Structures are given as C-alpha cells and as structure tokens.
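Engineer: This one is my_file_17.cif, mmCIF, C-alpha atoms.
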```cif
data_structure
loop_
_atom_site.label_atom_id
_atom_site.label_comp_id
_atom_site.auth_asym_id
_atom_site.auth_seq_id
_atom_site.Cartn_x
_atom_site.Cartn_y
_atom_site.Cartn_z
CA MET B 1 454.74 243.94 169.34
CA PHE B 2 455.34 241.25 171.91
CA GLY B 3 458.91 240.86 173.14
CA LYS B 4 461.16 238.38 171.39
CA LYS B 5 463.19 236.21 173.72
CA ARG B 6 466.89 236.39 172.85
CA THR B 7 469.03 233.40 173.54
CA TYR B 8 472.81 233.54 173.84
CA THR B 9 474.89 231.55 171.42
CA ASP B 10 477.61 229.29 172.81
CA GLN B 11 480.18 231.80 171.59
CA ALA B 12 478.47 234.62 173.49
CA ILE B 13 478.40 232.53 176.68
CA ILE B 14 482.09 231.66 176.34
CA GLU B 15 483.05 235.26 175.65
CA GLY B 16 480.88 236.54 178.50
CA ILE B 17 482.40 234.14 181.01
CA LYS B 18 485.94 234.85 179.85
CA THR B 19 485.45 238.62 179.77
CA GLY B 20 484.44 238.60 183.42
CA GLY B 21 482.53 241.16 185.46
CA ALA B 22 478.90 241.85 184.66
CA ASN B 23 479.14 239.96 181.33
CA ARG B 24 480.24 236.86 183.19
CA GLU B 25 477.31 237.06 185.59
CA LYS B 26 474.83 237.47 182.72
CA ALA B 27 476.36 234.59 180.77
CA ILE B 28 476.28 232.27 183.79
CA ASN B 29 472.66 233.19 184.54
CA GLN B 30 471.75 232.57 180.92
CA LEU B 31 473.48 229.18 181.02
CA PHE B 32 471.59 228.38 184.22
CA ASP B 33 468.16 229.50 183.00
CA SER B 34 468.29 228.06 179.51
CA ASN B 35 469.13 224.52 180.58
CA LEU B 36 466.79 224.16 183.55
CA GLY B 37 464.86 221.53 181.62
CA PHE B 38 467.68 219.08 182.38
CA LEU B 39 466.77 219.26 186.05
CA HIS B 40 463.47 217.47 185.69
CA THR B 41 464.44 214.92 183.07
CA VAL B 42 467.48 213.71 185.01
CA ARG B 43 465.75 213.96 188.35
CA LYS B 44 462.88 211.80 187.13
CA LYS B 45 465.25 209.30 185.57
CA LEU B 46 467.43 208.88 188.67
CA PHE B 47 464.71 209.31 191.31
CA LEU B 48 466.37 212.25 193.05
CA SER B 49 464.66 214.74 195.30
CA LEU B 50 464.23 218.28 193.99
CA GLU B 51 466.87 219.55 196.45
CA GLU B 52 469.41 216.92 195.39
CA ALA B 53 468.89 217.68 191.72
CA GLN B 54 469.10 221.44 192.29
CA ASP B 55 472.32 221.02 194.25
CA ALA B 56 473.86 218.91 191.49
CA TYR B 57 472.65 221.34 188.82
CA ALA B 58 474.23 224.33 190.60
CA ASP B 59 477.47 222.33 191.01
CA ALA B 60 477.45 221.48 187.31
CA ILE B 61 476.98 225.13 186.30
CA VAL B 62 479.89 226.16 188.57
CA LYS B 63 482.05 223.44 187.01
CA VAL B 64 481.21 224.46 183.44
CA ALA B 65 481.88 228.13 184.23
CA SER B 66 485.27 227.19 185.72
CA GLN B 67 486.22 225.01 182.77
CA ILE B 68 485.35 227.84 180.38
CA SER B 69 487.28 230.41 182.46
CA LEU B 70 490.36 228.20 182.59
CA GLY B 71 490.18 227.55 178.84
CA LYS B 72 489.59 223.85 179.45
CA PHE B 73 486.33 223.71 177.52
CA ARG B 74 487.51 223.19 173.98
CA GLY B 75 484.20 223.68 172.23
CA GLU B 76 484.15 220.19 170.77
CA SER B 77 480.51 219.86 171.74
CA LYS B 78 477.78 222.36 172.50
CA ILE B 79 477.90 223.87 175.98
CA SER B 80 474.48 222.40 176.76
CA THR B 81 475.72 218.92 175.85
CA TYR B 82 478.79 219.41 178.02
CA LEU B 83 476.68 220.70 180.91
CA TYR B 84 474.27 217.81 180.56
CA LYS B 85 477.11 215.26 180.84
CA ILE B 86 478.56 216.91 183.95
CA PHE B 87 475.14 217.32 185.55
CA TYR B 88 474.13 213.76 184.74
CA ASN B 89 477.38 212.37 186.22
CA LYS B 90 476.93 214.43 189.37
CA CYS B 91 473.39 213.11 189.71
CA VAL B 92 474.63 209.55 189.21
CA ASP B 93 477.14 210.15 192.05
CA VAL B 94 474.34 211.40 194.32
CA SER B 95 472.19 208.44 193.36
CA ARG B 96 475.02 205.97 194.09
CA LYS B 97 475.74 207.60 197.43
CA LYS B 98 472.07 207.22 198.32
CA ALA B 99 472.06 203.61 197.22
CA SER B 100 475.16 202.74 199.26
CA ASN B 101 473.80 204.79 202.15
CA THR B 102 477.18 206.38 202.82
CA ALA B 103 477.51 209.99 203.76
CA THR B 104 481.07 210.49 202.53
CA TRP B 105 481.64 213.68 200.66
CA VAL B 106 484.65 214.12 198.44
CA GLU B 107 485.40 217.75 197.92
CA GLU B 108 486.67 218.68 194.50
CA TYR B 109 489.98 220.44 194.41
CA PRO B 110 489.64 223.65 192.41
CA GLU B 111 491.62 223.38 189.22
CA LEU B 112 494.41 225.66 188.21
CA SER B 113 495.06 227.19 184.82
CA ASP B 114 497.45 225.17 182.66
CA PRO B 115 500.43 227.54 183.09
CA ALA B 116 500.03 227.45 186.88
CA SER B 117 499.88 223.63 186.98
CA ASP B 118 502.85 223.33 184.62
CA LEU B 119 504.88 225.74 186.70
CA LEU B 120 504.14 223.92 189.96
CA GLN B 121 505.13 220.65 188.31
CA LYS B 122 508.38 222.11 187.06
CA LEU B 123 509.17 223.44 190.52
CA ASP B 124 508.42 220.09 192.08
CA VAL B 125 506.37 221.87 194.74
CA LYS B 126 505.92 220.26 198.11
CA ASP B 127 502.24 219.66 198.83
CA GLU B 128 502.06 221.64 202.03
CA VAL B 129 502.98 224.89 200.28
CA VAL B 130 500.00 224.87 197.95
CA GLN B 131 497.71 222.69 199.99
CA LEU B 132 494.20 224.01 200.10
CA ARG B 133 493.72 225.67 203.46
CA LYS B 134 490.30 227.32 203.18
CA VAL B 135 491.65 230.41 204.86
CA MET B 136 489.33 232.80 203.06
CA ALA B 137 486.79 232.24 205.79
CA ASN B 138 489.19 233.97 208.18
CA MET B 139 489.35 237.14 206.14
CA GLY B 140 487.02 240.08 206.66
CA GLU B 141 484.07 240.57 204.31
CA ALA B 142 485.66 243.60 202.62
CA CYS B 143 488.80 241.68 201.70
CA LYS B 144 486.90 238.58 200.69
CA ASN B 145 484.61 240.57 198.40
CA ILE B 146 487.36 242.51 196.71
CA LEU B 147 489.45 239.40 196.05
CA LEU B 148 486.44 237.51 194.69
CA ASP B 149 485.43 240.42 192.47
CA TRP B 150 488.91 240.66 191.08
CA ALA B 151 490.23 237.11 190.83
CA TYR B 152 487.06 235.05 190.47
CA MET B 153 484.44 237.27 188.88
CA GLY B 154 486.94 239.22 186.77
CA TYR B 155 485.70 242.74 187.49
CA SER B 156 488.01 245.60 186.53
CA MET B 157 489.38 247.93 189.19
CA GLU B 158 486.96 250.64 187.98
CA GLU B 159 484.00 248.29 188.43
CA ILE B 160 485.24 247.10 191.81
CA ALA B 161 485.59 250.69 193.01
CA GLN B 162 481.95 251.31 192.00
CA ARG B 163 480.60 248.06 193.42
CA ARG B 164 482.39 248.42 196.72
CA ASN B 165 481.96 252.16 197.17
CA LEU B 166 485.65 252.94 196.95
CA LYS B 167 486.76 256.41 195.88
CA THR B 168 488.94 255.50 192.91
CA PRO B 169 490.23 252.46 190.99
CA GLU B 170 493.58 253.13 192.68
CA SER B 171 491.98 252.71 196.10
CA ALA B 172 490.56 249.38 194.90
CA ARG B 173 493.98 248.30 193.61
CA SER B 174 495.72 249.24 196.83
CA LEU B 175 493.09 247.43 198.91
CA LYS B 176 493.47 244.37 196.68
CA TYR B 177 497.22 244.18 197.42
CA LYS B 178 496.60 244.71 201.11
CA CYS B 179 494.14 241.81 201.07
CA LEU B 180 496.49 239.59 199.06
CA LYS B 181 499.18 240.16 201.69
CA LYS B 182 496.71 239.26 204.41
CA LEU B 183 495.82 236.06 202.56
CA ARG B 184 499.53 235.27 202.18
CA GLU B 185 500.01 235.64 205.93
CA LEU B 186 497.10 233.32 206.63
CA LEU B 187 498.61 230.75 204.27
CA LEU B 188 501.94 230.99 206.05
CA ILE B 189 500.46 230.13 209.42
CA LYS B 190 501.22 226.47 209.98
CA LYS B 191 498.31 224.13 210.20
CA PRO B 192 497.86 222.66 213.68
CA THR B 193 498.98 219.07 213.60
CA MET L 1 511.53 242.90 193.98
CA SER L 2 508.43 243.88 195.97
CA LEU L 3 505.53 241.49 196.52
CA GLU L 4 503.36 243.62 194.26
CA GLU L 5 505.90 243.32 191.45
CA ILE L 6 506.09 239.55 191.93
CA TYR L 7 502.28 239.32 191.78
CA GLU L 8 502.11 241.43 188.64
CA LEU L 9 504.82 239.38 186.97
CA THR L 10 503.09 236.14 187.94
CA ASP L 11 499.77 237.43 186.61
CA ALA L 12 501.42 238.27 183.32
CA PHE L 13 503.01 234.80 183.23
CA LEU L 14 499.70 233.05 183.97
CA ALA L 15 497.89 235.12 181.37
CA GLY L 16 500.55 234.18 178.78
CA GLU L 17 501.43 237.83 178.33
CA LEU L 18 505.20 237.39 178.72
CA SER L 19 507.45 236.95 175.71
CA GLN L 20 509.07 233.55 175.25
CA GLU L 21 512.34 234.94 176.57
CA ASP L 22 510.69 236.49 179.65
CA THR L 23 508.72 233.30 180.29
CA LEU L 24 511.94 231.27 180.40
CA ALA L 25 513.60 233.88 182.60
CA PHE L 26 510.60 233.80 184.96
CA GLU L 27 510.67 230.00 185.20
CA ASP L 28 514.46 230.01 185.73
CA ARG L 29 514.16 232.54 188.51
CA CYS L 30 511.46 230.47 190.21
CA LYS L 31 513.93 227.57 190.29
CA SER L 32 517.14 229.43 191.09
CA ASP L 33 515.82 232.02 193.58
CA PRO L 34 514.12 230.15 196.46
CA GLU L 35 512.55 233.28 197.96
CA PHE L 36 511.09 234.35 194.62
CA GLY L 37 509.91 230.80 193.89
CA LYS L 38 508.23 230.54 197.27
CA GLU L 39 506.36 233.83 196.78
CA VAL L 40 505.15 232.70 193.37
CA GLN L 41 503.92 229.42 194.84
CA LEU L 42 502.17 231.23 197.67
CA TYR L 43 500.53 233.56 195.19
CA ILE L 44 499.28 230.62 193.10
CA ALA L 45 498.01 229.02 196.30
CA SER L 46 496.20 232.29 197.12
CA LEU L 47 494.54 232.27 193.73
CA ARG L 48 493.36 228.74 194.35
CA GLU L 49 491.94 229.71 197.74
CA ILE L 50 490.06 232.56 196.07
CA ARG L 51 488.80 230.21 193.33
CA LEU L 52 487.46 227.77 195.90
CA GLU L 53 485.71 230.54 197.79
CA GLY L 54 484.42 231.97 194.50
CA GLU L 55 482.99 228.64 193.43
CA GLN L 56 481.19 228.29 196.74
CA ALA L 57 479.84 231.84 196.53
CA LEU L 58 478.65 231.27 192.96
CA LYS L 59 476.94 228.05 193.93
CA SER L 60 475.10 229.73 196.76
CA GLN L 61 474.00 232.54 194.37
CA LEU L 62 472.69 229.91 191.96
CA MET L 63 470.84 228.10 194.72
CA ASP L 64 469.16 231.42 195.57
CA ARG L 65 468.20 231.71 191.92
CA PHE L 66 466.07 228.60 192.21
CA SER L 67 463.88 230.42 194.67
CA GLU L 68 463.33 233.36 192.31
CA ALA L 69 459.84 233.17 190.89
CA LYS L 70 460.89 232.87 187.26
CA VAL L 71 462.96 229.76 187.75
CA ILE L 72 460.92 227.98 190.40
CA PRO L 73 460.37 224.45 189.21
CA MET L 74 456.67 223.58 189.10
CA GLU L 75 456.70 221.22 192.05
CA ALA L 76 458.13 223.88 194.34
CA SER L 77 455.06 226.07 194.07
CA SER L 78 452.51 223.36 194.73
CA ASN L 79 452.34 223.94 198.49
CA ARG L 80 451.02 227.47 198.16
CA ALA L 81 447.61 228.16 199.61
CA PRO L 82 444.74 227.93 197.09
CA TRP L 83 443.74 231.50 197.87
CA PHE L 84 447.09 232.64 196.50
CA ALA L 85 446.26 231.19 193.07
CA ALA L 86 442.80 232.77 193.16
CA ALA L 87 444.25 236.15 194.11
CA ALA L 88 446.90 235.90 191.40
CA ALA L 89 444.24 235.03 188.83
CA ALA L 90 442.10 237.98 189.93
CA VAL L 91 445.04 240.38 189.64
CA ALA L 92 445.92 238.97 186.20
CA LEU L 93 442.32 239.41 185.07
CA LEU L 94 442.28 242.98 186.33
CA VAL L 95 445.54 243.81 184.53
CA ILE L 96 444.26 242.27 181.29
CA SER L 97 440.97 244.16 181.57
CA ILE L 98 442.74 247.47 182.15
CA TRP L 99 445.01 246.79 179.20
CA TRP L 100 442.01 245.85 177.03
CA PHE L 101 440.00 248.97 177.84
CA THR L 102 442.89 251.44 177.70
CA SER L 103 444.52 250.18 174.50
CA SER L 104 443.89 252.21 171.40
CA PRO L 105 440.97 251.06 169.25
CA GLN L 106 443.20 251.37 166.17
CA GLN L 107 445.66 248.88 167.58
CA VAL L 108 446.05 245.82 165.40
CA GLU L 109 444.80 242.70 167.11
CA PRO L 110 447.71 240.41 167.89
CA PRO L 111 447.85 237.44 165.52
CA LYS L 112 446.25 234.23 166.71
CA ASP L 113 448.60 231.58 167.99
CA LEU L 114 449.30 230.30 164.53
CA TYR L 115 452.26 228.31 165.79
CA ALA L 116 450.18 226.26 168.19
CA GLN L 117 447.61 225.79 165.47
CA TYR L 118 450.03 224.31 162.95
CA MET L 119 452.99 222.92 164.85
CA LYS L 120 453.17 219.16 165.07
CA ILE L 121 456.31 217.21 165.95
CA PRO L 122 457.20 214.96 162.99
CA ASP L 123 456.39 211.30 163.22
CA ILE L 124 459.39 209.21 164.13
CA SER L 125 460.42 207.05 161.25
CA VAL L 126 462.31 204.04 162.54
CA THR L 127 465.24 203.48 160.25
CA ARG L 128 467.25 201.19 162.48
CA ALA L 129 467.37 198.41 159.92
CA PRO L 130 469.31 200.17 157.19
CA MET L 131 471.70 201.79 159.64
CA GLU L 132 474.77 199.78 160.40
CA GLY L 133 477.96 200.20 162.30
CA THR L 134 478.83 202.48 165.16
CA TYR L 135 475.75 204.73 165.01
CA ALA L 136 473.06 202.04 164.97
CA SER L 137 472.69 201.71 168.72
CA GLN L 138 472.94 205.45 169.48
CA TRP L 139 470.48 206.28 166.69
CA GLY L 140 468.10 203.59 167.93
CA GLN L 141 468.31 204.98 171.46
CA THR L 142 467.70 208.51 170.20
CA LEU L 143 464.63 207.46 168.24
CA GLY L 144 463.35 205.71 171.36
CA LEU L 145 463.75 208.93 173.35
CA LEU L 146 461.97 210.93 170.66
CA LYS L 147 459.11 208.44 170.56
CA ASP L 148 458.76 208.88 174.33
CA SER L 149 458.81 212.68 173.85
CA MET L 150 462.05 212.93 175.85
CA PHE L 151 463.31 215.79 173.71
CA GLN L 152 465.68 217.25 176.28
CA GLU L 153 467.63 214.02 176.41
CA ALA L 154 467.48 213.39 172.69
CA ILE L 155 469.03 216.79 171.88
CA PRO L 156 472.60 216.05 173.15
CA MET L 157 472.53 212.64 171.51
CA LEU L 158 471.44 214.04 168.15
CA ASP L 159 473.99 216.77 168.52
CA THR L 160 476.79 214.25 169.03
CA LEU L 161 475.65 212.09 166.12
CA LEU L 162 475.41 215.07 163.78
CA GLN L 163 478.96 216.13 164.57
CA ASP L 164 480.15 213.03 162.81
CA THR L 165 480.65 213.85 159.14
CA THR L 166 479.93 210.29 157.98
CA PHE L 167 476.65 210.21 159.87
CA PHE L 168 475.78 213.69 158.68
CA ALA L 169 476.41 212.73 155.05
CA SER L 170 473.87 209.88 155.23
CA TYR L 171 471.35 210.97 157.84
CA GLY L 172 471.93 214.73 158.16
CA GLY L 173 468.48 215.75 156.90
CA GLN L 174 466.54 213.45 159.17
CA GLY L 175 468.83 214.15 162.13
CA ILE L 176 468.57 217.93 161.70
CA MET L 177 464.79 217.70 161.38
CA TYR L 178 464.55 215.78 164.65
CA LEU L 179 467.10 218.00 166.40
CA GLY L 180 465.46 221.22 165.19
CA THR L 181 461.93 220.16 166.12
CA SER L 182 463.16 218.96 169.53
CA LEU L 183 464.74 222.37 170.09
CA MET L 184 461.47 224.00 169.02
CA HIS L 185 459.67 221.83 171.53
CA MET L 186 462.05 223.12 174.21
CA GLY L 187 461.37 226.72 173.15
CA LYS L 188 464.79 227.22 171.56
CA TYR L 189 463.58 228.53 168.21
CA GLU L 190 466.70 230.47 167.28
CA GLU L 191 468.90 227.43 167.91
CA ALA L 192 466.49 225.38 165.82
CA LEU L 193 466.81 227.86 162.96
CA THR L 194 470.61 227.63 163.12
CA GLN L 195 470.29 223.87 162.73
CA PHE L 196 467.74 224.03 159.89
CA GLN L 197 470.01 226.32 157.94
CA ARG L 198 472.66 223.58 157.74
CA ILE L 199 470.56 221.62 155.26
CA GLU L 200 470.84 222.16 151.49
CA SER L 201 467.71 222.52 149.34
CA GLU L 202 468.36 219.23 147.52
CA ASN L 203 468.23 217.21 150.75
CA PRO L 204 465.24 214.83 150.82
CA TYR L 205 464.12 216.39 154.11
CA SER L 206 464.42 219.99 152.92
CA ASP L 207 460.66 220.40 152.38
CA GLN L 208 459.88 219.40 155.94
CA ILE L 209 462.74 221.49 157.26
CA LEU L 210 461.51 224.55 155.33
CA TRP L 211 458.11 224.14 156.98
CA TYR L 212 459.58 223.95 160.48
CA GLU L 213 461.83 226.89 159.66
CA ALA L 214 458.75 228.91 158.74
CA LEU L 215 456.99 227.89 161.95
CA SER L 216 460.01 228.94 164.02
CA TYR L 217 459.84 232.41 162.46
CA VAL L 218 456.09 232.47 163.11
CA LYS L 219 456.71 231.68 166.76
CA LEU L 220 459.47 234.30 167.02
CA GLU L 221 457.06 236.79 165.42
CA ASP L 222 459.64 237.57 162.79
CA ILE L 223 456.97 238.41 160.23
CA PRO L 224 459.31 239.33 157.31
CA GLU L 225 461.28 236.06 157.61
CA ALA L 226 458.13 234.03 158.23
CA THR L 227 456.52 235.57 155.13
CA ARG L 228 459.61 234.91 153.02
CA THR L 229 459.79 231.26 154.07
CA LEU L 230 456.05 230.66 153.73
CA LYS L 231 456.08 232.20 150.25
CA ALA L 232 458.94 229.88 149.29
CA ILE L 233 456.69 226.96 150.29
CA VAL L 234 453.66 228.29 148.42
CA GLU L 235 455.71 228.96 145.29
CA LYS L 236 456.98 225.38 145.15
CA PRO L 237 455.12 223.33 142.52
CA ILE L 238 454.70 220.53 145.05
CA HIS L 239 454.98 220.95 148.81
CA TYR L 240 453.11 219.00 151.42
CA LYS L 241 452.28 222.13 153.42
CA ARG L 242 451.35 224.57 150.63
CA LYS L 243 447.77 224.91 151.82
CA GLU L 244 448.80 225.56 155.44
CA ALA L 245 451.52 228.02 154.40
CA GLN L 246 448.98 229.96 152.33
CA ALA L 247 446.55 229.97 155.26
CA ILE L 248 449.17 231.57 157.53
CA LEU L 249 450.08 234.11 154.84
CA ASP L 250 446.39 235.00 154.60
CA GLN L 251 446.31 235.64 158.34
CA TYR L 252 449.29 237.98 158.05
CA SER L 253 447.71 240.03 155.24
CA PRO L 254 443.95 239.48 155.39
CA ASN L 255 443.32 241.96 152.56
#
```
Spell out the structure here as structure tokens.
Structural biologist:
Amino acid sequence: MFGKKRTYTDQAIIEGIKTGGANREKAINQLFDSNLGFLHTVRKKLFLSLEEAQDAYADAIVKVASQISLGKFRGESKISTYLYKIFYNKCVDVSRKKASNTATWVEEYPELSDPASDLLQKLDVKDEVVQLRKVMANMGEACKNILLDWAYMGYSMEEIAQRRNLKTPESARSLKYKCLKKLRELLLIKKPT
Amino acid sequence: MSLEEIYELTDAFLAGELSQEDTLAFEDRCKSDPEFGKEVQLYIASLREIRLEGEQALKSQLMDRFSEAKVIPMEASSNRAPWFAAAAAAVALLVISIWWFTSSPQQVEPPKDLYAQYMKIPDISVTRAPMEGTYASQWGQTLGLLKDSMFQEAIPMLDTLLQDTTFFASYGGQGIMYLGTSLMHMGKYEEALTQFQRIESENPYSDQILWYEALSYVKLEDIPEATRTLKAIVEKPIHYKRKEAQAILDQYSPN
C-alpha cells in the first residue's frame, strides 16, 4: 500500500513546540513544510523576490514558534491563519521598505514570558540592566550550544548529554551552570560608551 | 543563596511552579534584597539573550531547509542544466522498470487515480445579494478568491467567517463545502475531513459534503472509510453522485 501522508493537528503542533526537544523540532518543521504554499501566493501578490519572501516566511515561523512557546498564542484561530497574518504583515513591511527605498532595519526585541515581564515591571528595572547586549556571540560554541539546547530548544539534560557527547546528565547540568555564569559575567561588562 | 539556587528558584517562578505564598515571598525578596533582585534580573536578561540567539539560529536552520530538495520552490530549480532533468528521468525510469519486473505477479494492481478522475471543485455560487451586514464584504471577497482559484488565501478567510456562530448558522454548509474543497485542493485531506464532519445530515449542502468526504477518503486510500461513505451515497434514494459513487465502488471490488 502506498504511504499515507500524516498531517499534524494544531494541538499536536502546540504540544510539540511546548514540550521542547526533538518534538519541538519536528513540530516546527511540520509547520514550515505544511504552509509553504503561502510563500508563492503572497510573493506573487506583493511582487517580492523569492529570497525576500523566504526570509519573511522563516521570520514568521520563528515568531509563531516563540508565541506558542511563551503561551501567547491563544488558539483563537487556526495556527495556519495566524501564521499567514504574521507572514503577510512581514511581507508588507518588506514591500514598503522597497517602495520607500530605505534600508533601515528595525530589530525585534525578543519577548519575555508574562511572569518575567510582570516581575520586571514590578521591580521598576532600569533599562541598562536588561538591555539586549547580544553577548552570546562572545561565548564559545560549546557554551552557546548547551544554553540554546536547554533554554531555547527545551531539551532535557539527558538529551543534551547525548547530543553534545557529555558523559552524564549531571555533566550537562554542571556545564550549563558554568555557561550561565559566563553569560552573567559578559552581561556585567559595561558597554563602551 | 548560591547563584544556582537563585536560578532554580527563578525558573520555578517563571514556570509558575511556586505556590502562591512562595510566589509572593519571591517577589518581596526581589524588591527588598537588592543583591537577590539584581541576580534575578541578570538571569532574566540572560534568558533573553539566549532567546535572541535561539531565534537567529532557528531562522538560519529554516533558511537551510529551503535548499533541501523536498521544499525547494519550483522557481529555484529552473536554472539546472537540461541534462540533469534527462538524467533524473532516466534514473526514475530505471527504478520504475526494476520495480515493475521484480514485483510479484500476484500483487494487486494499484487502483487508478480515481480521485483525479472524479474530483471537481464546486462551482462558486454567488450569494452576495441575500447576505447582509458585517459578513457581506468578507464573503464577497472570499468568493472572488475562490473564483480566481486562490484557495490558499481563501482558506484563512473562510476559517475566520466560520468561527462566527451567526455566520455558521446561516451559511455553515456552503462555507464548509468551500473550505473543505479548498483544503483538498491544497492536499490537506485530513483537515478537510475534520471540516466536513462539522455538518449535520439535514444541512442543504450535506449531499455535496458527503461526496467530497468520500473523495477525501479515496485520495487518502482509506478504503474502508471510502467504501462506507460511498455506500451511504449509493443507498440514498436521491443523490446527485450515486452513479459516480457506484462506479468507484465497482473499482474497489470488481467482482
């Protein structure tokens, strides 16, 4: 019998992304693959180049994945509808930038979870303390990978130990703390004025 | 308290794992103990740095995915040399020939593409006139998209309209039929089936929906479900696709 193509339901995508690790990767890839049709319809409509549309599409997938992880996607519409809106708006931005012939690029500030934002508000935090510093580029690959696996991709310590060829989950945990301390030190270094 | 303990406590706070009492105590300590508060802020800042880096890494992985063969958009492959296409065709022919000659003679011949033979997107019936109020313009736009075969764009619009209970009560059948067949057109047969199943048998569009439901099962090669649905059509005293449903059933069981 010929293979039957299985598609993920919205619920499965949400659960996969929230669970983290390998499930997250699969869910994001599924989200990416199953909505590729948007790329051509929007591109044709807004007269974008293939590269521009691909860039906006990848940005939109990253945004949707983040919103789901942070619990900010409330499921009031289908994920594909939500993705389409974000993708379309990003393409409109690209199209406007082209029309006005300006090369300005506004970088989006990564969002925080609701409890983190609330806490920072309550503490009346001074901007410079939590200002985005992009210090990860100054960390070694090993530290960068372990922190991304843990805090962004949501892999467990067991999975990280396997992925990164560490002896035990405890070694992964201890390396994670070492890397967090290194990141803290980099954040404490004052920005040159 | 060590840094590790502060991080663990902050993680528990962010994950909502602390009791109400512990949450208040944590927030109080952030305010009253400047050192503790500063470490918590730095930790949150670290998480944001990691998130930014993660988002960039994910984006670059996704950009790489575009270059994987299975998701290359059509235009991207057009600059390949013609010999590549000829070679690919020759290899494909060879593989098919080997498969043909080595497969068992008892093997049942795969069914013909019955779906392609019978599937036809429903005609768009323009019902703008009787529709009034907030939906009229969106519905009109959606029908325009469907008429232009812009199914991908019509899907989110139909989806939004159908979430409205008032719209659904009056135009649910027609809307679901258009949404389901658009999804079928995009190759999303299982999603189409989920939509079709929202319609009751007394809906005026239920006969058409039953037919498209059957075709979705045919396409998914779910023979038991396809047979069940096709039989339901054949057993109806009047159904506009009885003849076609019987023809497909005959293909499934030629004897």
Engineer: Quick one: pull the distance between CA of Phe168 (chain L) and CA of Ile86 (chain B), Å, one decimal.
Structural biologist: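 Calculated distance between CA of Phe168 (chain L) and CA of Ile86 (chain B) is 25.6 Å.
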Engineer: Run through the PyMOL selection byres ((chain L) within 6 of (chain B)) on the given coordinates and return the selected residues as a VMD selection string.
Structural biologist: chain L and resid 14 45 51 to 52 54 59 62 156
Engineer: Between CA of Ala172 (chain B) and CA of Asp22 (chain L), what is the spacing in Å?
Structural biologist: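 Result for CA of Asp22 (chain L) versus CA of Ala172 (chain B): 28.4 Å, one decimal.
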Engineer: Starting from the shown file, work through the PyMOL selection byres ((chain L and resi 143-147) around 12) and note down what comes out as a count of residues only.
Structural biologist: 37
Engineer: Applied to this file, what does the PyMOL selection byres ((chain L and resi 228) around 12) return in terms of residues, put as a PyMOL selection string?
Structural biologist: chain L and resi 210-211+213-215+217-218+222-227+229-235+245-246+248-249+252
Engineer: What gap, in Å, lies between CA of Glu35 (chain L) and CA of Lys182 (chain B)?
Structural biologist: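 These atoms are spaced 18.1 Å apart.
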